[in-house]
$ cat protein-v2.txt   # compact mmCIF, C-alpha atoms
# COMPACT_ATOMS: atom_id res chain seq x y z
CA MET A 620 205.79 85.83 -40.28
CA LEU A 621 205.46 86.68 -36.57
CA TRP A 622 209.14 87.56 -36.30
CA TYR A 623 208.90 89.77 -39.37
CA LYS A 624 205.86 91.57 -37.96
CA ALA A 625 207.66 92.13 -34.66
CA TRP A 626 210.58 93.60 -36.61
CA LEU A 627 208.26 95.90 -38.58
CA GLU A 628 206.67 97.16 -35.36
CA THR A 629 209.95 98.09 -33.73
CA ARG A 630 212.44 98.64 -36.54
CA TRP A 631 212.49 102.44 -36.52
CA ARG A 632 212.81 102.64 -32.74
CA PHE A 633 215.62 100.12 -32.93
CA LEU A 634 217.47 101.70 -35.86
CA ILE A 635 217.22 105.21 -34.44
CA GLY A 636 218.37 103.94 -31.06
CA LEU A 637 221.33 102.14 -32.63
CA ALA A 638 222.36 105.26 -34.53
CA VAL A 639 222.04 107.49 -31.45
CA LEU A 640 223.97 105.11 -29.19
CA MET A 641 226.74 104.60 -31.73
CA CYS A 642 227.10 108.36 -32.19
CA SER A 643 227.17 108.76 -28.41
CA ALA A 644 229.91 106.13 -28.04
CA ALA A 645 231.95 107.71 -30.82
CA GLY A 646 231.49 111.13 -29.23
CA VAL A 647 232.86 109.88 -25.91
CA VAL A 648 235.99 108.62 -27.65
CA PHE A 649 236.72 111.61 -29.86
CA THR A 650 236.09 114.27 -27.21
CA TYR A 651 238.70 112.81 -24.87
CA PRO A 652 241.70 114.71 -26.35
CA SER A 653 239.84 118.00 -25.83
CA VAL A 654 239.01 117.03 -22.25
CA LEU A 655 242.68 116.35 -21.52
CA LYS A 656 243.54 119.88 -22.61
CA LEU A 657 241.10 121.26 -20.04
CA MET A 658 242.59 119.29 -17.17
CA ALA A 659 245.24 121.98 -16.63
CA LEU A 660 242.46 124.34 -15.48
CA VAL A 661 241.15 122.04 -12.76
CA PRO A 662 243.74 122.80 -10.03
CA SER A 663 242.72 126.48 -10.15
CA LEU A 664 239.12 125.62 -9.34
CA ASP A 665 238.24 126.21 -5.69
CA VAL A 666 234.64 125.11 -5.32
CA GLY A 667 233.49 123.82 -1.96
CA GLY A 668 230.64 121.57 -0.91
CA GLU A 669 229.06 118.68 -2.79
CA ILE A 670 229.36 120.41 -6.16
CA GLY A 671 233.09 120.90 -5.68
CA ARG A 672 233.53 117.28 -4.64
CA ARG A 673 231.76 116.03 -7.76
CA ILE A 674 233.79 118.32 -10.02
CA ARG A 675 237.02 117.06 -8.50
CA GLU A 676 235.86 113.44 -8.75
CA ALA A 677 234.94 113.90 -12.43
CA ALA A 678 238.30 115.55 -13.08
CA GLU A 679 240.20 112.69 -11.46
CA LEU A 680 238.29 110.13 -13.48
CA ALA A 681 238.93 112.05 -16.71
CA ARG A 682 242.71 111.97 -16.20
CA GLU A 683 242.63 108.29 -17.14
CA TYR A 684 241.01 107.15 -20.38
CA ARG A 685 239.25 104.18 -18.80
CA GLY A 686 237.84 106.41 -16.06
CA TYR A 687 236.63 108.97 -18.59
CA VAL A 688 234.92 106.32 -20.74
CA TRP A 689 233.19 104.90 -17.69
CA SER A 690 232.07 108.23 -16.18
CA GLN A 691 230.90 109.88 -19.38
CA GLY A 692 229.97 106.83 -21.45
CA PHE A 693 228.73 103.86 -19.46
CA GLY A 694 227.88 105.96 -16.40
CA LYS A 695 225.91 108.65 -18.22
CA ASN A 696 225.30 108.80 -21.98
CA LEU A 697 224.99 105.12 -22.84
CA ALA A 698 223.07 104.28 -19.66
CA GLN A 699 220.54 107.08 -20.20
CA MET A 700 220.02 106.35 -23.89
CA THR A 701 219.77 102.59 -23.32
CA THR A 702 217.07 103.18 -20.70
CA LEU A 703 215.10 105.43 -23.05
CA PHE A 704 215.17 103.03 -25.99
CA ALA A 705 214.53 99.99 -23.77
CA VAL A 706 211.28 101.62 -22.69
CA LEU A 707 210.43 102.59 -26.28
CA LEU A 708 211.00 99.02 -27.48
CA GLY A 709 208.77 97.69 -24.70
CA THR A 710 205.70 99.77 -25.52
CA GLY A 711 203.11 99.54 -28.27
CA GLY A 712 202.83 96.69 -30.75
CA LEU A 713 200.57 93.83 -29.65
CA PHE A 714 199.19 95.69 -26.68
CA SER A 715 197.78 98.79 -28.35
CA GLN A 716 194.30 99.05 -29.81
CA SER A 717 195.59 99.80 -33.30
CA GLY A 718 194.37 97.98 -36.39
CA ALA A 719 197.74 96.27 -36.81
CA ALA A 720 197.54 94.86 -33.30
CA VAL A 721 194.01 93.53 -33.86
CA PHE A 722 195.14 91.94 -37.14
CA THR A 723 198.08 90.26 -35.40
CA LEU A 724 195.79 88.84 -32.70
CA SER A 725 193.54 87.36 -35.40
CA MET A 726 196.39 85.30 -36.83
CA PRO A 727 196.40 81.50 -36.27
CA ALA A 728 198.85 81.56 -33.38
CA SER A 729 198.38 81.28 -29.63
CA ARG A 730 198.68 84.35 -27.45
CA ASN A 731 201.64 82.79 -25.68
CA ARG A 732 203.49 82.46 -28.99
CA LEU A 733 202.60 86.02 -30.02
CA PHE A 734 203.79 87.31 -26.68
CA GLY A 735 206.97 85.24 -26.73
CA VAL A 736 207.97 86.37 -30.21
CA ARG A 737 207.33 90.04 -29.43
CA ALA A 738 209.30 89.85 -26.15
CA ALA A 739 212.19 87.91 -27.70
CA ALA A 740 212.40 90.31 -30.65
CA GLY A 741 212.49 93.33 -28.35
CA LEU A 742 215.12 91.79 -26.08
CA GLY A 743 217.20 90.79 -29.09
CA GLU A 744 217.15 94.35 -30.38
CA LEU A 745 218.03 95.63 -26.91
CA LEU A 746 221.00 93.26 -26.79
CA VAL A 747 222.30 94.75 -30.05
CA LEU A 748 221.82 98.25 -28.65
CA ALA A 749 223.90 97.30 -25.60
CA VAL A 750 226.71 95.40 -27.35
CA VAL A 751 227.42 97.23 -30.62
CA PRO A 752 228.00 100.76 -29.21
CA SER A 753 230.07 99.29 -26.37
CA LEU A 754 232.34 97.45 -28.82
CA LEU A 755 232.65 100.61 -30.90
CA ILE A 756 234.70 102.17 -28.07
CA PRO A 757 237.66 99.72 -28.27
CA MET A 758 237.44 99.83 -32.06
CA LEU A 759 237.74 103.64 -32.23
CA SER A 760 240.14 104.20 -29.33
CA PRO A 761 243.34 103.64 -31.39
CA ALA A 762 242.29 106.60 -33.56
CA ILE A 763 243.11 108.92 -30.63
CA GLY A 764 246.13 106.95 -29.44
CA GLU A 765 244.32 105.11 -26.62
CA THR A 766 243.33 101.50 -25.96
CA TYR A 767 240.27 100.02 -24.33
CA GLY A 768 239.81 96.32 -23.58
CA VAL A 769 237.22 94.36 -25.54
CA GLY A 770 236.54 92.23 -22.46
CA THR A 771 235.85 95.34 -20.40
CA ALA A 772 233.46 96.61 -23.05
CA LEU A 773 231.62 93.27 -23.08
CA VAL A 774 231.19 93.28 -19.29
CA HIS A 775 229.76 96.79 -19.44
CA SER A 776 227.49 95.82 -22.33
CA ALA A 777 226.17 92.89 -20.25
CA CYS A 778 225.39 95.32 -17.41
CA LEU A 779 223.67 97.68 -19.85
CA PHE A 780 221.59 94.84 -21.28
CA VAL A 781 220.48 93.26 -18.01
CA ALA A 782 219.50 96.57 -16.38
CA GLY A 783 217.97 97.81 -19.65
CA ALA A 784 215.96 94.57 -19.88
CA ALA A 785 214.39 95.42 -16.50
CA PHE A 786 213.10 98.74 -17.90
CA PHE A 787 212.01 96.98 -21.10
CA SER A 788 210.09 94.41 -19.05
CA LEU A 789 208.50 97.15 -16.94
CA ALA A 790 207.26 98.93 -20.07
CA PHE A 791 206.09 95.57 -21.43
CA LEU A 792 204.13 94.87 -18.25
CA LEU A 793 202.55 98.33 -18.18
CA SER A 794 201.56 97.91 -21.83
CA THR A 795 199.42 94.92 -20.86
CA VAL A 796 197.63 97.07 -18.27
CA PHE A 797 196.92 100.16 -20.38
CA SER A 798 195.48 100.14 -23.90
CA ASP A 799 197.37 103.19 -25.16
CA VAL A 800 201.06 103.76 -25.84
CA TRP A 801 201.63 106.96 -23.87
CA ARG A 802 200.77 105.91 -20.31
CA PRO A 803 203.14 102.91 -20.22
CA LEU A 804 205.84 105.03 -21.82
CA LEU A 805 205.48 107.97 -19.43
CA ILE A 806 205.08 105.83 -16.30
CA ALA A 807 208.15 103.71 -17.10
CA LEU A 808 210.24 106.79 -17.87
CA GLY A 809 208.93 108.47 -14.72
CA ILE A 810 210.02 105.51 -12.61
CA ALA A 811 213.45 105.61 -14.28
CA ILE A 812 213.80 109.32 -13.49
CA VAL A 813 212.80 108.78 -9.85
CA LEU A 814 215.38 105.99 -9.52
CA ALA A 815 218.05 108.21 -11.07
CA LEU A 816 217.22 111.10 -8.72
CA GLY A 817 217.26 108.75 -5.73
CA GLU A 818 220.72 107.58 -6.76
CA GLN A 819 221.94 111.17 -6.73
CA VAL A 820 220.52 111.76 -3.24
CA PHE A 821 221.81 108.50 -1.74
CA ARG A 822 225.16 108.57 -3.47
CA GLU A 823 226.75 105.96 -1.21
CA MET A 824 224.19 103.38 -2.38
CA SER A 825 224.54 104.19 -6.08
CA ARG A 826 226.59 101.11 -7.01
CA TYR A 827 223.79 98.87 -5.67
CA SER A 828 221.02 100.64 -7.58
CA MET A 829 219.62 99.74 -10.99
CA PHE A 830 221.61 102.50 -12.66
CA GLY A 831 224.65 101.47 -10.65
CA LEU A 832 224.29 98.02 -12.18
CA MET A 833 223.71 99.52 -15.62
CA SER A 834 226.91 101.56 -15.42
CA GLY A 835 228.94 98.61 -14.14
CA GLU A 836 230.31 100.72 -11.27
CA THR A 837 231.29 97.69 -9.18
CA TYR A 838 233.28 96.26 -12.08
CA PHE A 839 234.93 99.60 -12.80
CA ARG A 840 236.02 100.23 -9.22
CA SER A 841 236.94 96.72 -8.11
CA GLY A 842 237.31 94.66 -11.28
CA SER A 843 234.67 92.21 -10.03
CA VAL A 844 231.77 91.30 -12.30
CA PRO A 845 228.54 92.12 -10.41
CA TRP A 846 227.12 88.61 -10.68
CA TRP A 847 224.56 89.10 -7.91
CA GLY A 848 223.33 92.32 -9.49
CA LEU A 849 223.08 90.66 -12.90
CA LEU A 850 221.19 87.75 -11.36
CA ALA A 851 218.81 90.07 -9.49
CA GLY A 852 218.19 92.14 -12.62
CA THR A 853 217.48 89.02 -14.66
CA ALA A 854 215.08 87.73 -11.99
CA MET A 855 213.22 91.06 -11.93
CA SER A 856 212.86 91.03 -15.71
CA ALA A 857 211.65 87.42 -15.70
CA ALA A 858 209.06 88.18 -13.01
CA MET A 859 207.71 91.21 -14.86
CA LEU A 860 207.59 89.36 -18.18
CA TYR A 861 205.73 86.49 -16.53
CA ALA A 862 203.19 88.92 -15.06
CA ALA A 863 202.87 90.58 -18.48
CA ALA A 864 202.25 87.19 -20.13
CA VAL A 865 199.50 86.40 -17.62
CA ASN A 866 197.87 89.80 -18.19
CA PHE A 867 198.10 89.41 -21.95
CA ALA A 868 196.54 85.93 -21.90
CA ARG A 869 193.58 87.20 -19.84
CA ARG A 870 193.06 90.52 -21.59
CA ASP A 871 189.93 91.05 -23.65
CA PHE A 872 190.80 92.91 -26.86
$ encode --input "protein-v2.txt" --output "structure tokens"
Amino acid sequence: MLWYKAWLETRWRFLIGLAVLMCSAAGVVFTYPSVLKLMALVPSLDVGGEIGRRIREAAELAREYRGYVWSQGFGKNLAQMTTLFAVLLGTGGLFSQSGAAVFTLSMPASRNRLFGVRAAAGLGELLVLAVVPSLLIPMLSPAIGETYGVGTALVHSACLFVAGAAFFSLAFLLSTVFSDVWRPLLIALGIAIVLALGEQVFREMSRYSMFGLMSGETYFRSGSVPWWGLLAGTAMSAAMLYAAAVNFARRDF
């Protein structure tokens, strides 16, 4: 019953997120042939400064299919959309002052169990959002005459999930502090935007940032799985979920 209620609370956010992420992954694959045709124009571009450097870097990455998938997919589209839907999955539900939330709290189950089921359901949905679109890339790549490793896709999906879980846990924690849906949502998204802007300013530190972990930049550039980043992200999520559980147990609804 509790699992079913958790599903009902989040199903549309999850299903819409899954559809958007799958379309985004498919778009990355099927736009690659058109991008290759534009590569002939790049040598004629003579743009100086930071903008020129980034254009040349993007062009070099796009010359190889794996580089294009990473830069446009895992580094941008999938990372951004996963962050958005992680925050959406982490807000609302048990923590709002809606009638459904009050009804759920009146059920014969401890608050710890209610909290655990809601958190586990949200993280399970987030895992699907991270894995399924990632695996869609190697599945669709042969349609354009390219290949992409399933193992590579799984490593990137793990990075997406662990970093996305941190934003999910942040929204979850904020939802135990505020009684409405909008403040946790806007604050969590605001923090994500600030982190993304900081990564653009301090470019040399990007691979060690949360979005650097989410994109799997270390794995892309060196082939090494970012175990320490994954461990740190998991620890951050666990700490925020623990704080959220404490807040939820003490909160007077």
$ closest_atom_pairs --input "protein-v2.txt" --of "range 737-819 of chain A" --to "range 629-642 of chain A" --cutoff "9 Å" --atoms "only C-alpha atoms" --output "Markdown table"
| residue | atom | partner | partner_atom | distance |
| --- | --- | --- | --- | --- |
| A:Ala740 | CA | A:Thr629 | CA | 8.7 |
| A:Gly741 | CA | A:Thr629 | CA | 7.6 |
| A:Glu744 | CA | A:Phe633 | CA | 6.5 |
| A:Leu745 | CA | A:Phe633 | CA | 7.9 |
| A:Val747 | CA | A:Leu637 | CA | 7.9 |
| A:Leu748 | CA | A:Leu637 | CA | 5.6 |
| A:Ala749 | CA | A:Leu640 | CA | 8.6 |
| A:Val751 | CA | A:Met641 | CA | 7.5 |
| A:Pro752 | CA | A:Met641 | CA | 4.8 |
| A:Ser753 | CA | A:Met641 | CA | 8.2 |
| A:Leu755 | CA | A:Met641 | CA | 7.2 |
$ atom_distance --input "protein-v2.txt" --atom1 "CA of Val769 in chain A" --atom2 "CA of Phe704 in chain A"
23.7 Å
$ atom_distance --input "protein-v2.txt" --atom1 "CA of Leu697 in chain A" --atom2 "CA of Val736 in chain A"
26.4 Å
$ closest_residue --input "protein-v2.txt" --among "A:Ala698, A:Met829, A:Pro845, A:Arg869" --to "Ile810 in chain A" --atoms "only C-alpha atoms"
A:Met829
$ atom_distance --input "protein-v2.txt" --atom1 "CA of Leu793 in chain A" --atom2 "CA of Gly694 in chain A"
26.5 Å
$ residues_near_point --input "protein-v2.txt" --point "(206.8, 105.1, -18.9)" --cutoff "12 Å" --atoms "only C-alpha atoms" --output "PyMOL selection string"
chain A and resi 702-711+786-794+797+799-813
$ closest_residue --input "protein-v2.txt" --among "A:Arg730, A:Arg840, A:Arg685, A:Arg737" --to "Tyr767 in chain A" --atoms "all atoms listed in the file"
A:Arg685
$ closest_residue --input "protein-v2.txt" --among "A:Val688, A:Leu850, A:Leu814, A:Val844" --to "Val781 in chain A" --atoms "only C-alpha atoms"
A:Leu850
$ closest_residue --input "protein-v2.txt" --among "A:Met859, A:Ala851, A:Met833, A:Ala864" --to "Leu779 in chain A" --atoms "all atoms listed in the file"
A:Met833
$ residues_around --input "protein-v2.txt" --residues "range 644-657 of chain A" --least-positions-apart "5" --cutoff "12 Å" --atoms "all atoms listed in the file" --output "VMD selection string"
chain A and resid 637 to 639 662 to 664 677 to 698 700 to 701 748 to 767 772
$ write_last_selection --input "protein-v2.txt" --atoms "C-alpha atoms" --output "compact mmCIF listing (two decimals), in the frame of the given file"
# COMPACT_ATOMS: atom_id res chain seq x y z
CA LEU A 637 221.33 102.14 -32.63
CA ALA A 638 222.36 105.26 -34.53
CA VAL A 639 222.04 107.49 -31.45
CA PRO A 662 243.74 122.80 -10.03
CA SER A 663 242.72 126.48 -10.15
CA LEU A 664 239.12 125.62 -9.34
CA ALA A 677 234.94 113.90 -12.43
CA ALA A 678 238.30 115.55 -13.08
CA GLU A 679 240.20 112.69 -11.46
CA LEU A 680 238.29 110.13 -13.48
CA ALA A 681 238.93 112.05 -16.71
CA ARG A 682 242.71 111.97 -16.20
CA GLU A 683 242.63 108.29 -17.14
CA TYR A 684 241.01 107.15 -20.38
CA ARG A 685 239.25 104.18 -18.80
CA GLY A 686 237.84 106.41 -16.06
CA TYR A 687 236.63 108.97 -18.59
CA VAL A 688 234.92 106.32 -20.74
CA TRP A 689 233.19 104.90 -17.69
CA SER A 690 232.07 108.23 -16.18
CA GLN A 691 230.90 109.88 -19.38
CA GLY A 692 229.97 106.83 -21.45
CA PHE A 693 228.73 103.86 -19.46
CA GLY A 694 227.88 105.96 -16.40
CA LYS A 695 225.91 108.65 -18.22
CA ASN A 696 225.30 108.80 -21.98
CA LEU A 697 224.99 105.12 -22.84
CA ALA A 698 223.07 104.28 -19.66
CA MET A 700 220.02 106.35 -23.89
CA THR A 701 219.77 102.59 -23.32
CA LEU A 748 221.82 98.25 -28.65
CA ALA A 749 223.90 97.30 -25.60
CA VAL A 750 226.71 95.40 -27.35
CA VAL A 751 227.42 97.23 -30.62
CA PRO A 752 228.00 100.76 -29.21
CA SER A 753 230.07 99.29 -26.37
CA LEU A 754 232.34 97.45 -28.82
CA LEU A 755 232.65 100.61 -30.90
CA ILE A 756 234.70 102.17 -28.07
CA PRO A 757 237.66 99.72 -28.27
CA MET A 758 237.44 99.83 -32.06
CA LEU A 759 237.74 103.64 -32.23
CA SER A 760 240.14 104.20 -29.33
CA PRO A 761 243.34 103.64 -31.39
CA ALA A 762 242.29 106.60 -33.56
CA ILE A 763 243.11 108.92 -30.63
CA GLY A 764 246.13 106.95 -29.44
CA GLU A 765 244.32 105.11 -26.62
CA THR A 766 243.33 101.50 -25.96
CA TYR A 767 240.27 100.02 -24.33
CA ALA A 772 233.46 96.61 -23.05
$ closest_residue --input "protein-v2.txt" --among "A:Gly735, A:Leu742, A:Asn866, A:Leu849" --to "Ala784 in chain A" --atoms "only C-alpha atoms"
A:Leu742
